[in-house]
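> Got a structure for you, final18.pdb, holding PDB, C-alpha atoms and all ligand atoms.
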MODEL        1
ATOM      1  CA  MET A   1     -30.048   0.573  31.003  1.00  0.00           C
ATOM      2  CA  ALA A   2     -29.107  -0.731  27.555  1.00  0.00           C
ATOM      3  CA  LEU A   3     -28.281   1.711  24.765  1.00  0.00           C
ATOM      4  CA  PRO A   4     -30.897   2.138  22.028  1.00  0.00           C
ATOM      5  CA  GLU A   5     -30.296  -0.376  19.231  1.00  0.00           C
ATOM      6  CA  PRO A   6     -29.206   2.144  16.523  1.00  0.00           C
ATOM      7  CA  ILE A   7     -26.460   3.417  18.841  1.00  0.00           C
ATOM      8  CA  SER A   8     -25.158  -0.037  19.744  1.00  0.00           C
ATOM      9  CA  THR A   9     -25.179  -0.968  16.045  1.00  0.00           C
ATOM     10  CA  LEU A  10     -23.170   2.178  15.247  1.00  0.00           C
ATOM     11  CA  ILE A  11     -20.713   1.432  18.077  1.00  0.00           C
ATOM     12  CA  ALA A  12     -20.229  -2.113  16.791  1.00  0.00           C
ATOM     13  CA  ALA A  13     -19.576  -0.822  13.257  1.00  0.00           C
ATOM     14  CA  LEU A  14     -17.030   1.775  14.440  1.00  0.00           C
ATOM     15  CA  ASN A  15     -15.342  -0.798  16.662  1.00  0.00           C
ATOM     16  CA  ARG A  16     -14.537  -2.874  13.551  1.00  0.00           C
ATOM     17  CA  LEU A  17     -12.397  -0.035  12.155  1.00  0.00           C
ATOM     18  CA  PRO A  18      -8.612  -0.290  12.584  1.00  0.00           C
ATOM     19  CA  GLY A  19      -7.267   1.532  15.600  1.00  0.00           C
ATOM     20  CA  ILE A  20     -10.702   2.188  17.137  1.00  0.00           C
ATOM     21  CA  GLY A  21     -11.278   0.309  20.372  1.00  0.00           C
ATOM     22  CA  PRO A  22     -14.592  -0.078  22.250  1.00  0.00           C
ATOM     23  CA  ARG A  23     -14.170   3.135  24.258  1.00  0.00           C
ATOM     24  CA  SER A  24     -13.383   5.298  21.209  1.00  0.00           C
ATOM     25  CA  ALA A  25     -16.202   3.653  19.248  1.00  0.00           C
ATOM     26  CA  GLU A  26     -18.614   4.551  22.036  1.00  0.00           C
ATOM     27  CA  ARG A  27     -17.313   8.125  22.239  1.00  0.00           C
ATOM     28  CA  ILE A  28     -17.578   8.686  18.470  1.00  0.00           C
ATOM     29  CA  ALA A  29     -21.042   7.117  18.262  1.00  0.00           C
ATOM     30  CA  LEU A  30     -22.382   9.241  21.124  1.00  0.00           C
ATOM     31  CA  HIS A  31     -20.841  12.326  19.533  1.00  0.00           C
ATOM     32  CA  LEU A  32     -22.416  11.553  16.146  1.00  0.00           C
ATOM     33  CA  VAL A  33     -25.947  10.999  17.447  1.00  0.00           C
ATOM     34  CA  GLN A  34     -25.794  14.327  19.269  1.00  0.00           C
ATOM     35  CA  SER A  35     -24.209  16.318  16.438  1.00  0.00           C
ATOM     36  CA  ASP A  36     -25.947  18.239  13.644  1.00  0.00           C
ATOM     37  CA  ALA A  37     -27.948  15.868  11.472  1.00  0.00           C
ATOM     38  CA  SER A  38     -26.318  17.462   8.389  1.00  0.00           C
ATOM     39  CA  ASP A  39     -22.792  16.791   9.720  1.00  0.00           C
ATOM     40  CA  ALA A  40     -23.631  13.143  10.336  1.00  0.00           C
ATOM     41  CA  LYS A  41     -25.142  12.864   6.870  1.00  0.00           C
ATOM     42  CA  GLN A  42     -22.078  14.483   5.284  1.00  0.00           C
ATOM     43  CA  LEU A  43     -19.825  11.919   6.954  1.00  0.00           C
ATOM     44  CA  ALA A  44     -22.055   9.013   5.926  1.00  0.00           C
ATOM     45  CA  ASP A  45     -22.195  10.307   2.331  1.00  0.00           C
ATOM     46  CA  ALA A  46     -18.405  10.733   2.189  1.00  0.00           C
ATOM     47  CA  VAL A  47     -17.921   7.117   3.309  1.00  0.00           C
ATOM     48  CA  VAL A  48     -20.364   5.752   0.727  1.00  0.00           C
ATOM     49  CA  ARG A  49     -19.045   7.981  -2.079  1.00  0.00           C
ATOM     50  CA  ALA A  50     -15.386   7.089  -1.440  1.00  0.00           C
ATOM     51  CA  ARG A  51     -16.187   3.400  -1.184  1.00  0.00           C
ATOM     52  CA  GLU A  52     -18.155   3.453  -4.452  1.00  0.00           C
ATOM     53  CA  ARG A  53     -15.651   5.480  -6.458  1.00  0.00           C
ATOM     54  CA  ILE A  54     -12.327   4.056  -5.320  1.00  0.00           C
ATOM     55  CA  HIS A  55     -11.064   0.842  -6.863  1.00  0.00           C
ATOM     56  CA  PHE A  56      -7.801  -1.025  -7.141  1.00  0.00           C
ATOM     57  CA  CYS A  57      -5.818  -0.210 -10.286  1.00  0.00           C
ATOM     58  CA  SER A  58      -5.967  -3.293 -12.500  1.00  0.00           C
ATOM     59  CA  VAL A  59      -2.250  -2.955 -13.282  1.00  0.00           C
ATOM     60  CA  CYS A  60      -0.400  -1.826 -10.155  1.00  0.00           C
ATOM     61  CA  GLY A  61      -2.993  -2.356  -7.411  1.00  0.00           C
ATOM     62  CA  ALA A  62      -3.037   1.280  -6.239  1.00  0.00           C
ATOM     63  CA  LEU A  63      -6.239   2.871  -4.977  1.00  0.00           C
ATOM     64  CA  THR A  64      -7.678   4.937  -7.802  1.00  0.00           C
ATOM     65  CA  GLU A  65     -10.811   6.413  -9.344  1.00  0.00           C
ATOM     66  CA  THR A  66      -9.712   5.402 -12.839  1.00  0.00           C
ATOM     67  CA  SER A  67      -8.155   2.110 -13.852  1.00  0.00           C
ATOM     68  CA  PRO A  68      -5.381   2.049 -14.975  1.00  0.00           C
ATOM     69  CA  CYS A  69      -4.441   4.721 -12.443  1.00  0.00           C
ATOM     70  CA  ASP A  70      -2.821   8.092 -13.234  1.00  0.00           C
ATOM     71  CA  ILE A  71       0.682   6.747 -12.585  1.00  0.00           C
ATOM     72  CA  CYS A  72       0.265   3.618 -14.734  1.00  0.00           C
ATOM     73  CA  SER A  73      -1.125   5.658 -17.615  1.00  0.00           C
ATOM     74  CA  ASP A  74       1.473   8.453 -17.359  1.00  0.00           C
ATOM     75  CA  ALA A  75       3.743   8.106 -20.408  1.00  0.00           C
ATOM     76  CA  ARG A  76       6.330  10.456 -18.865  1.00  0.00           C
ATOM     77  CA  ARG A  77       7.109   7.981 -16.120  1.00  0.00           C
ATOM     78  CA  ASP A  78       9.940   5.494 -16.565  1.00  0.00           C
ATOM     79  CA  ALA A  79       8.278   2.208 -17.527  1.00  0.00           C
ATOM     80  CA  SER A  80      11.557   0.303 -17.175  1.00  0.00           C
ATOM     81  CA  LEU A  81      11.584   0.865 -13.417  1.00  0.00           C
ATOM     82  CA  VAL A  82       8.985  -0.674 -11.078  1.00  0.00           C
ATOM     83  CA  CYS A  83       8.936  -0.218  -7.326  1.00  0.00           C
ATOM     84  CA  ILE A  84       7.324  -2.975  -5.242  1.00  0.00           C
ATOM     85  CA  VAL A  85       5.500  -1.777  -2.135  1.00  0.00           C
ATOM     86  CA  GLU A  86       3.418  -3.523   0.472  1.00  0.00           C
ATOM     87  CA  ASN A  87       0.331  -1.286   0.563  1.00  0.00           C
ATOM     88  CA  PRO A  88      -1.330   1.357  -1.643  1.00  0.00           C
ATOM     89  CA  VAL A  89      -0.538   3.996   0.994  1.00  0.00           C
ATOM     90  CA  ASP A  90       3.212   3.376   0.516  1.00  0.00           C
ATOM     91  CA  ILE A  91       2.872   4.842  -2.987  1.00  0.00           C
ATOM     92  CA  LEU A  92       1.740   8.111  -1.414  1.00  0.00           C
ATOM     93  CA  SER A  93       4.781   8.127   0.884  1.00  0.00           C
ATOM     94  CA  LEU A  94       7.172   7.549  -2.028  1.00  0.00           C
ATOM     95  CA  GLU A  95       5.394  10.079  -4.264  1.00  0.00           C
ATOM     96  CA  LYS A  96       5.730  12.690  -1.519  1.00  0.00           C
ATOM     97  CA  SER A  97       9.480  12.102  -1.458  1.00  0.00           C
ATOM     98  CA  GLY A  98       9.396  13.164  -5.138  1.00  0.00           C
ATOM     99  CA  THR A  99      12.450  11.098  -6.102  1.00  0.00           C
ATOM    100  CA  PHE A 100      10.920   8.123  -7.821  1.00  0.00           C
ATOM    101  CA  ARG A 101      10.006   8.504 -11.501  1.00  0.00           C
ATOM    102  CA  GLY A 102       9.162   4.888 -12.291  1.00  0.00           C
ATOM    103  CA  LYS A 103       5.985   2.891 -11.791  1.00  0.00           C
ATOM    104  CA  TYR A 104       4.692   0.860  -8.866  1.00  0.00           C
ATOM    105  CA  HIS A 105       3.388  -2.556  -7.964  1.00  0.00           C
ATOM    106  CA  VAL A 106       1.393  -3.134  -4.787  1.00  0.00           C
ATOM    107  CA  LEU A 107       1.997  -6.548  -3.261  1.00  0.00           C
ATOM    108  CA  GLY A 108      -0.937  -6.371  -0.852  1.00  0.00           C
ATOM    109  CA  GLY A 109       1.016  -7.636   2.153  1.00  0.00           C
ATOM    110  CA  LYS A 110       4.160  -9.500   3.147  1.00  0.00           C
ATOM    111  CA  ILE A 111       4.844 -13.206   3.345  1.00  0.00           C
ATOM    112  CA  SER A 112       4.097 -14.256   6.895  1.00  0.00           C
ATOM    113  CA  PRO A 113       3.415 -17.987   7.433  1.00  0.00           C
ATOM    114  CA  LEU A 114       2.504 -17.351  11.077  1.00  0.00           C
ATOM    115  CA  ASP A 115      -0.357 -15.078   9.979  1.00  0.00           C
ATOM    116  CA  GLY A 116      -1.293 -17.423   7.152  1.00  0.00           C
ATOM    117  CA  VAL A 117       0.021 -15.134   4.390  1.00  0.00           C
ATOM    118  CA  GLU A 118       1.624 -17.246   1.664  1.00  0.00           C
ATOM    119  CA  PRO A 119       3.195 -16.011  -1.598  1.00  0.00           C
ATOM    120  CA  GLU A 120       0.044 -16.909  -3.558  1.00  0.00           C
ATOM    121  CA  ASP A 121      -1.964 -14.520  -1.367  1.00  0.00           C
ATOM    122  CA  LEU A 122       0.128 -11.631  -2.710  1.00  0.00           C
ATOM    123  CA  ARG A 123       0.057  -9.973  -6.145  1.00  0.00           C
ATOM    124  CA  ILE A 124       3.222 -11.723  -7.337  1.00  0.00           C
ATOM    125  CA  ALA A 125       1.672 -13.575 -10.291  1.00  0.00           C
ATOM    126  CA  GLU A 126       0.345 -10.194 -11.512  1.00  0.00           C
ATOM    127  CA  LEU A 127       3.883  -8.830 -11.324  1.00  0.00           C
ATOM    128  CA  GLU A 128       5.226 -11.764 -13.335  1.00  0.00           C
ATOM    129  CA  LYS A 129       2.623 -10.990 -15.991  1.00  0.00           C
ATOM    130  CA  ARG A 130       3.825  -7.392 -16.075  1.00  0.00           C
ATOM    131  CA  LEU A 131       7.418  -8.578 -16.469  1.00  0.00           C
ATOM    132  CA  LYS A 132       6.344 -10.306 -19.678  1.00  0.00           C
ATOM    133  CA  ALA A 133       4.227  -7.452 -21.031  1.00  0.00           C
ATOM    134  CA  GLU A 134       6.159  -4.331 -19.987  1.00  0.00           C
ATOM    135  CA  PRO A 135       9.711  -3.163 -20.726  1.00  0.00           C
ATOM    136  CA  ILE A 136      10.796  -3.579 -17.098  1.00  0.00           C
ATOM    137  CA  LYS A 137      14.570  -3.529 -16.531  1.00  0.00           C
ATOM    138  CA  GLU A 138      14.735  -2.911 -12.802  1.00  0.00           C
ATOM    139  CA  ILE A 139      12.565  -3.927  -9.862  1.00  0.00           C
ATOM    140  CA  VAL A 140      13.070  -1.944  -6.686  1.00  0.00           C
ATOM    141  CA  VAL A 141      11.920  -3.836  -3.594  1.00  0.00           C
ATOM    142  CA  ALA A 142      10.693  -1.206  -1.129  1.00  0.00           C
ATOM    143  CA  LEU A 143       9.178  -3.224   1.694  1.00  0.00           C
ATOM    144  CA  GLY A 144       9.434  -2.527   5.413  1.00  0.00           C
ATOM    145  CA  THR A 145      12.636  -3.433   7.192  1.00  0.00           C
ATOM    146  CA  ASP A 146      11.092  -5.967   9.577  1.00  0.00           C
ATOM    147  CA  VAL A 147      11.544  -9.765   9.472  1.00  0.00           C
ATOM    148  CA  GLU A 148       8.607 -10.318   7.080  1.00  0.00           C
ATOM    149  CA  GLY A 149       9.817  -7.518   4.798  1.00  0.00           C
ATOM    150  CA  ASP A 150      13.268  -9.110   4.630  1.00  0.00           C
ATOM    151  CA  ALA A 151      11.868 -12.594   4.009  1.00  0.00           C
ATOM    152  CA  THR A 152       9.527 -11.308   1.303  1.00  0.00           C
ATOM    153  CA  GLY A 153      12.336  -9.373  -0.381  1.00  0.00           C
ATOM    154  CA  PHE A 154      14.532 -12.457  -0.352  1.00  0.00           C
ATOM    155  CA  TYR A 155      11.731 -14.595  -1.802  1.00  0.00           C
ATOM    156  CA  LEU A 156      11.015 -12.039  -4.551  1.00  0.00           C
ATOM    157  CA  GLY A 157      14.724 -11.800  -5.402  1.00  0.00           C
ATOM    158  CA  LYS A 158      14.796 -15.540  -6.079  1.00  0.00           C
ATOM    159  CA  ARG A 159      11.416 -15.891  -7.771  1.00  0.00           C
ATOM    160  CA  LEU A 160      11.673 -12.874 -10.072  1.00  0.00           C
ATOM    161  CA  ALA A 161      15.302 -13.416 -11.070  1.00  0.00           C
ATOM    162  CA  ARG A 162      15.684 -13.574 -14.857  1.00  0.00           C
ATOM    163  CA  PRO A 163      18.310 -12.525 -17.358  1.00  0.00           C
ATOM    164  CA  GLY A 164      18.442  -8.796 -17.999  1.00  0.00           C
ATOM    165  CA  LEU A 165      16.408  -7.875 -14.916  1.00  0.00           C
ATOM    166  CA  LYS A 166      18.079  -5.997 -12.103  1.00  0.00           C
ATOM    167  CA  ILE A 167      16.504  -6.440  -8.674  1.00  0.00           C
ATOM    168  CA  THR A 168      17.434  -3.848  -6.099  1.00  0.00           C
ATOM    169  CA  ARG A 169      16.393  -3.273  -2.543  1.00  0.00           C
ATOM    170  CA  ILE A 170      16.058  -0.099  -0.529  1.00  0.00           C
ATOM    171  CA  ALA A 171      17.094  -0.454   3.089  1.00  0.00           C
ATOM    172  CA  HIS A 172      19.811   2.075   3.636  1.00  0.00           C
ATOM    173  CA  GLY A 173      18.717   4.639   6.216  1.00  0.00           C
ATOM    174  CA  LEU A 174      15.268   3.253   6.884  1.00  0.00           C
ATOM    175  CA  PRO A 175      14.610   2.747  10.576  1.00  0.00           C
ATOM    176  CA  ALA A 176      14.857  -0.973  11.414  1.00  0.00           C
ATOM    177  CA  GLY A 177      11.612  -2.831  11.950  1.00  0.00           C
ATOM    178  CA  THR A 178       9.290  -0.223  10.433  1.00  0.00           C
ATOM    179  CA  GLY A 179       7.180   0.329   7.363  1.00  0.00           C
ATOM    180  CA  LEU A 180       7.555   3.046   4.747  1.00  0.00           C
ATOM    181  CA  GLU A 181       4.741   5.125   6.216  1.00  0.00           C
ATOM    182  CA  PHE A 182       6.927   5.967   9.215  1.00  0.00           C
ATOM    183  CA  ALA A 183       9.873   7.241   7.200  1.00  0.00           C
ATOM    184  CA  ASP A 184      10.156  10.923   6.388  1.00  0.00           C
ATOM    185  CA  GLU A 185      10.505  12.158   2.812  1.00  0.00           C
ATOM    186  CA  LEU A 186      14.250  12.802   2.940  1.00  0.00           C
ATOM    187  CA  THR A 187      14.939   9.353   4.407  1.00  0.00           C
ATOM    188  CA  LEU A 188      12.832   7.769   1.670  1.00  0.00           C
ATOM    189  CA  SER A 189      14.620   9.671  -1.112  1.00  0.00           C
ATOM    190  CA  ARG A 190      17.985   8.616   0.290  1.00  0.00           C
ATOM    191  CA  ALA A 191      16.816   5.032   0.702  1.00  0.00           C
ATOM    192  CA  LEU A 192      15.748   4.997  -2.951  1.00  0.00           C
ATOM    193  CA  GLU A 193      18.937   6.583  -4.206  1.00  0.00           C
ATOM    194  CA  GLY A 194      21.034   4.202  -2.102  1.00  0.00           C
ATOM    195  CA  ARG A 195      19.293   1.046  -3.327  1.00  0.00           C
ATOM    196  CA  ARG A 196      21.518  -1.982  -3.830  1.00  0.00           C
ATOM    197  CA  GLU A 197      21.395  -4.892  -6.153  1.00  0.00           C
ATOM    198  CA  MET A 198      20.233  -8.107  -4.483  1.00  0.00           C
ATOM    199  CA  ASN A 199      20.583 -10.666  -7.293  1.00  0.00           C
ATOM    200  CA  SER A 200      22.756 -13.488  -6.040  1.00  0.00           C
TER     201      SER A 200
HETATM  202 ZN    ZN B 301      -1.780   1.701 -11.511  1.00  0.00          ZN
ENDMDL
END
Can I see the file as structure tokens?

Amino acid sequence: MALPEPISTLIAALNRLPGIGPRSAERIALHLVQSDASDAKQLADAVVRARERIHFCSVCGALTETSPCDICSDARRDASLVCIVENPVDILSLEKSGTFRGKYHVLGGKISPLDGVEPEDLRIAELEKRLKAEPIKEIVVALGTDVEGDATGFYLGKRLARPGLKITRIAHGLPAGTGLEFADELTLSRALEGRREMNS
């Protein structure tokens, strides 16, 4: 017996989400169609509302309701210091560590020729524009410590190098081969404090 169409459509939609395989998609879908209609509606509304209200910050690329985001428009933050991260969620990790008082720039990925990610697919040109328009004195590269993170950091060090700009890299203490989201707050604070200059 085939499943009714609305259920198979729901399963297919859930299965496209990251980390949800066919079995989980089926389990969630069957749970939803048997749950309170109001619970299901609440979930659907939350998805639509979040998707409609959240945008990328036009400056740093963070996820935000207002653009520029709260961090970009906060005059108390150090505008001479910009931390480069891979994903919007990395900003949350660094903010939780409470150490960083500068601003951010989301790259949107890491250079990875094998996966077809080239430098022009990342928000590097946007960063170069910011270097011209903002009083940036130091760029802190805070990418994961895997091969792509290293390669991207190296590429950025070369491409962004200009007189009067310090380019540093956090690495110290971060577990090898992982992203920022797996590091605890203390490790992240130490990694930030222990950043080293990478200009060659
Ligand atoms: Zn922003």
> Starting from the displayed file, determine the output of the PyMOL selection byres (((not hetatm)) within 10 of (chain B and resi 301)) and express the residue list as a list in words.
Phe56, Cys57, Ser58, Val59, Cys60, Gly61, Ala62, Leu63, Thr64, Thr66, Ser67, Pro68, Cys69, Asp70, Ile71, Cys72, Ser73, Asp74, Pro88, Lys103, Tyr104, His105 and Val106 of chain A
> Find the spatial neighbours of A:Ala79, counting only C-alpha atoms, within a cut-off of 7 Å - ignore same-chain residues fewer than 2 positions away - and output them as a PyMOL selection string.
chain A and resi 77+81+102-103+135-136
> How far is it from atom CA of A:Ile28 to atom CA of A:Glu181, in Å with one decimal?
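Atom-to-atom, atom CA of A:Ile28 to atom CA of A:Glu181, that is 25.7 Å.
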> Please indicate the distance in Å from atom CA of A:Arg101 to atom CA of A:Leu192, rounded to one decimal place.
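Between atom CA of A:Arg101 and atom CA of A:Leu192 the gap is 10.9 Å.
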> Could you check which of A:Pro163, A:Gly108, A:Leu30, A:Arg23 is closest to A:Leu10, using all atoms listed in the file?
A:Leu30
> Hey, which of A:Glu52, A:Asp45, A:Glu86, A:Asp39 ends up closest to A:Thr145? Count only C-alpha atoms.
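Closest to A:Thr145, using only C-alpha atoms: A:Glu86.
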